[in-house]
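The block underneath contains the structure these notes are about, expressed in structure tokens.
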Amino acid sequence: MASNREISSTEKLLNVIRGKAKAASEDEPSYKPVVPKKRKASPLSSLTPAFQRPATIGVDINHQALQMVKVEETAADQWRLVDYRRVPIPATTTRGTHEFTGFLKSELGKFCGPGKGLQIWNLMSSAKVDVRFIKIPKVPRKQLENAIYWTAKRELAFEDMDTILDFEVQNDVVEQGIKKTSVMVYTVPRREVESVVEMFNDTGYQLSGLAIAPFAIQNLFRTKWMPTYGETLASLYIGRDGARIDIYSRGSLILTRDIKTGMNSMVEALVEGYTDRKRPSARDMRWGGAPVDFTITPSQAYKLIMSLDPDAPALTPDDAGHDLAEEDIFDMVRPALDRLVRQVERTFANLGGEKVSRVYISGVVNAYRPLIHYIGEQLGIESGVMDPLDPSIPYLSGYTEPATASEKASLAVAVGLALSDNTRTPNLLFTYKEKEKMATVSRVNRVILFSMAAIIISGLTVFAWQERVASKKKATISDLNQQLSSLNLMVDTKLILQMAAKDREERRLKKEYGERYLGMAVLSELSALTPENVRFLKIKTSLGKPEGKSAPAAKAAEKGAAAAKQAEALAKNLEIDGIVMGERSMLEGYLSSYVLKLKGSPLVKEATVQKSVVEALQQNKTEGEVLHFVLNIKL
């Protein structure tokens with residue numbers, strides 16, 4: 001039986017983690033799941049679901065029938081019910097025998113076909129799985145697994161070699177001002193899982209997942225196959241040996257509890273009530289006659305209760321209690337129902353602030369409306385039957401609806417299993433260790449995929465750029481060819497050499513003209529750039545000689561053409577000695593402005609002020625101050 005347990009001391013837990021973390025790393029607990037053998041996955045296997053959506057088969061093997069449902073995911077968060085099948089299990093077939101394995105293999109073959117591209121999820125008995133809800137202190141992600149493991153180890157007291165452990169982190173809560181993390185942990189005997197896996201391996205079909213009924217119902221809410229109305233819901237399953245109450249908040253399981261009161265309790269209540277009702281009075285006793293049996297056996301009582309279901313076959317005159325009215329039978333089992341309701345009420349009282357607004361009832365008698373309404377009235381909440389094949393559900397089309405309401409309700413778990421996926425369904429064959437490995441592989445695959453995409457995009461970009469450049473060059477060549485064709489010239493090496501020689505001669509003549517008239521150009525440029533308040537006192541130039549070379553240039557020619565060019569460049573300079581007139585405070589600004597104009601001239605390489613002194617000037621019997629400057633200009 002599961003309970004809602006939590007940690008009472010944060011410091012105690014942290015001390016346990018600190019003290020045993022090293023031991024855990026040296027002798028790591030072996031709580032790996034048992035999975036059937038399969039081929040090694042390729043590095044890109046995690047990318048397959050993005051391109052391929054395999055159908056999922058939910059298999060529910062109960063006491064009376066084998067139920068199978070196939071669901072296909074057509075798009076993200078969109079499903080379609082493909083097919084379903086409900087096959088009664090032969091009375092002579094016992095689970096665990098070769099006959100049962102042959103029966104299962106035959107029916108799976110009819111429903112699944114070869115089984116390729118399918119995911120098969122089977123139902124595990126909830127009585128064999130211990131589910132607990134704990135709260136651990138808020139710890140970093142790297143320490144989360146250790147914190148959960150040691151807490152579960154203390155709370156559940158299991159053996160690593162014989163038990164499979166898994167968990168699901170739910171949400172963060174604040175309790176008495178302390179941040180904690182709510183976690184659902186569950187354990188199952190390893191041998192129980194192995195037996196189910198071996199049974200399916202013997203049929204030739206490989207199991208993809210193994211889950212319990214509360215997890216299957218949770219799938220109906222998480223996939224929005226069944227509405228949650230944004231409320232806290234309960235699922236009450238009434239079985240043969242007991243009942244189970246599951247609480248779901250916003251689609252997630254927050255509590256599951258086993259209750260001893262079930263169909264057998266109702267049978268016992270009916271046997272006792274039937275005997276009391278049929279016991280004759282002393283006045284009606286027959287003296288000397290044969291004794292009359294006014295008792296009813298448990299099997300007869302069970303059949304009598306099952307007759308309440310409107311989909312069950314009617315009683316015959318040979319059946320005990322066939323003369324009883326429906327209300328009489330219900331009154332006999334009412335004491336057991338009241339005990340069941342009281343236990344459910346105690347469960348609701350332990351939810352804290354959560355208030356259950358609706359309860360779904362399923363189980364052996366799941367279509368008897370008076371029983372469903374009675375439980376809802378006693379609990380003070382809305383009650384009903386969980387119907388996953390309601391025609392209003394948008395994912396149902398193109399299938400034949402089951403004939404009876406009981407059959408529809410009995411398929412709820414199988415439909416939930418068919419909606420299973422490792423991303424939302426706790427899987428006894430795929431625990432958190434395997435999920436972490438899968439997440440690592442997925443991260444590596446994403447890095448590889450993005451890297452390949454970046455390389456491809458870069459290559460395409462370079463290719464497009466090269467194509468564009470090549471197109472421009474081809475267009476230029478085409479234009480040149482058209483121009484060449486219009487000239488009607490036969491171009492050969494001799495003609496090109498002649499044209500090159502002619503071009504060199506033209507450039508040499510232009511250079512000579514430039515050197516010859518450089519002085520005139522300089523004076524013209526100075527005249528254009530010099531303002532009225534700037535007067536030249538003296539100009540000294542060194543422009544070189546166009547005809548013949550000076551001694552320094554001749555010596556430079558002997559050393560090489562580069563040295564000659566440098567000597568001529570050094571010889572081309574201009575020294576200006578002048579004054580700037582105007583207001584005393586503006587003289588420096590006038591000179592700076594004049595120097596900037598000179599630097600902007602295409603004939604001037606560099607202009608440097610070698611001297612800048614304010615001096616007194618007497619002119620026309622008046623005295624004033626001028627700025628006496630000396631400029632050195634490189635041409």
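The way I read the labels, and the way they are meant: chains A, B, ... in the order of the structure tokens, residue 1 as the first residue of every chain, and ligand 1 as the first ligand shown, with later ones counted on from there.
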Could you make a table, as a tab-separated table, of the residues of stretch 107-207 of chain A that have an atom within 12 Å of an atom of stretch 413-437 of chain A, each with its nearest atom pair and distance in Å to one decimal, counting only C-alpha atoms, in chain and number order?
residue	atom	partner	partner_atom	distance
A:Leu118	CA	A:Ala418	CA	10.6
A:Gln119	CA	A:Ala418	CA	8.6
A:Ile120	CA	A:Ala418	CA	7.9
A:Trp121	CA	A:Leu417	CA	6.0
A:Asn122	CA	A:Leu417	CA	7.1
A:Leu123	CA	A:Leu417	CA	7.4
A:Met124	CA	A:Leu428	CA	9.0
A:Ser125	CA	A:Val413	CA	11.7
A:Ser126	CA	A:Leu428	CA	11.9
A:Lys128	CA	A:Leu428	CA	11.8
A:Val129	CA	A:Leu428	CA	9.6
A:Asp130	CA	A:Leu428	CA	11.9
A:Val131	CA	A:Pro426	CA	11.3
A:Arg141	CA	A:Glu436	CA	11.9
A:Lys142	CA	A:Glu436	CA	11.6
A:Leu144	CA	A:Tyr432	CA	11.4
A:Glu145	CA	A:Tyr432	CA	8.8
A:Asn146	CA	A:Lys433	CA	12.0
A:Ile148	CA	A:Tyr432	CA	11.4
A:Tyr149	CA	A:Tyr432	CA	11.2
A:Thr163	CA	A:Leu428	CA	10.8
A:Ile164	CA	A:Leu428	CA	7.6
A:Leu165	CA	A:Thr431	CA	7.4
A:Asp166	CA	A:Thr431	CA	5.3
A:Phe167	CA	A:Tyr432	CA	7.0
A:Glu168	CA	A:Pro426	CA	7.2
A:Val169	CA	A:Tyr432	CA	10.4
A:Gln170	CA	A:Arg424	CA	11.4
A:Met184	CA	A:Pro426	CA	9.9
A:Val185	CA	A:Pro426	CA	9.9
A:Tyr186	CA	A:Leu428	CA	9.1
A:Thr187	CA	A:Leu428	CA	8.7
A:Val188	CA	A:Leu428	CA	8.0
A:Pro189	CA	A:Leu428	CA	10.4
A:Arg190	CA	A:Leu428	CA	9.7
A:Glu192	CA	A:Leu428	CA	10.6
A:Val193	CA	A:Leu428	CA	7.7
A:Glu194	CA	A:Leu429	CA	9.7
A:Val196	CA	A:Leu429	CA	10.7
A:Val197	CA	A:Leu429	CA	9.1
A:Gln206	CA	A:Leu429	CA	11.4
A:Leu207	CA	A:Leu429	CA	8.5
message = According to DSSP computed on the backbone, where in stretch 425-615 of chain A is there strand (DSSP E or B)? Give the residues as a list in words.
response =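 Filtering stretch 425-615 of chain A down to strand (DSSP E or B) leaves Asn427, Phe430, Val534, Arg535, Phe536, Leu537, Lys538, Ile539, Lys540, Thr541, Ser542, Asn573, Leu574, Glu575, Ile576, Asp577, Gly578, Ile579, Val580, Glu606, Ala607, Thr608, Val609, Gln610, Lys611, Ser612, Val613, Val614 and Glu615 of chain A.
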message = List the spatial neighbours of A:Lys540 as an NGL selection string - criterion: any atom at most 9 Å away, only C-alpha atoms, same-chain residues fewer than 2 positions off excluded.
response = :A and (538 or 542 or 573-577)
request  = Write out as a PyMOL selection string the residues lying within 9 Å of A:Cys112, counting only C-alpha atoms and excluding same-chain residues fewer than 5 positions away.
outcome  = chain A and resi 57+70+107+118
Save the residues we just selected, N, CA and C atoms, as a PDB file, in the first residue's frame?
ATOM      1  N   ILE A  57       0.653   0.153 -29.011  1.00  0.00           N
ATOM      2  CA  ILE A  57      -0.336  -0.847 -28.631  1.00  0.00           C
ATOM      3  C   ILE A  57      -0.392  -0.910 -27.109  1.00  0.00           C
ATOM      4  N   LYS A  70      -4.928   0.143 -30.200  1.00  0.00           N
ATOM      5  CA  LYS A  70      -3.858   0.723 -31.021  1.00  0.00           C
ATOM      6  C   LYS A  70      -4.172   2.202 -31.251  1.00  0.00           C
ATOM      7  N   GLU A 107      -3.257 -14.016 -30.409  1.00  0.00           N
ATOM      8  CA  GLU A 107      -4.071 -12.807 -30.438  1.00  0.00           C
ATOM      9  C   GLU A 107      -3.237 -11.567 -30.780  1.00  0.00           C
ATOM     10  N   LEU A 118       6.094  -0.861 -34.184  1.00  0.00           N
ATOM     11  CA  LEU A 118       5.095  -0.710 -33.142  1.00  0.00           C
ATOM     12  C   LEU A 118       5.766  -0.633 -31.775  1.00  0.00           C
TER      13      LEU A 118
END
request  = Would you mind writing down, as a PyMOL selection string, each residue of stretch 87-184 of chain A that DSSP on the backbone assigns to helix (DSSP H, G or I)?
outcome  = chain A and resi 98-112+126-128+141-156+160-162
Could you give me, as a Markdown table, a per-residue list for stretch 142-251 of chain A showing, wherever an atom lies at most 10 Å from an atom of stretch 376-394 of chain A, the closest pair of atoms and their distance in Å to one decimal, using only C-alpha atoms and sorting by chain then residue number from low to high?
| residue | atom | partner | partner_atom | distance |
| --- | --- | --- | --- | --- |
| A:Ile217 | CA | A:Met386 | CA | 9.5 |
| A:Leu220 | CA | A:Pro388 | CA | 8.0 |
| A:Lys224 | CA | A:Ile393 | CA | 9.7 |
| A:Trp225 | CA | A:Ile393 | CA | 7.1 |
| A:Met226 | CA | A:Pro388 | CA | 6.9 |
| A:Pro227 | CA | A:Ile393 | CA | 9.5 |
| A:Leu233 | CA | A:Glu382 | CA | 10.0 |
| A:Ala234 | CA | A:Ser383 | CA | 9.4 |
| A:Ser235 | CA | A:Met386 | CA | 8.4 |
| A:Leu236 | CA | A:Val385 | CA | 9.8 |
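With only C-alpha atoms taken into account, the protein and nucleic acid residues at most 10 Å from A:Leu518 (excluding it and anything under 5 positions from it in its own chain) are Glu512, Tyr513, Leu523, Ser524, Leu543, Gly544, Pro546, Lys572, Leu603 and Leu635 of chain A.
From atom CA of A:Leu104 back to atom CA of A:Ile61, the distance works out to 9.4 Å.
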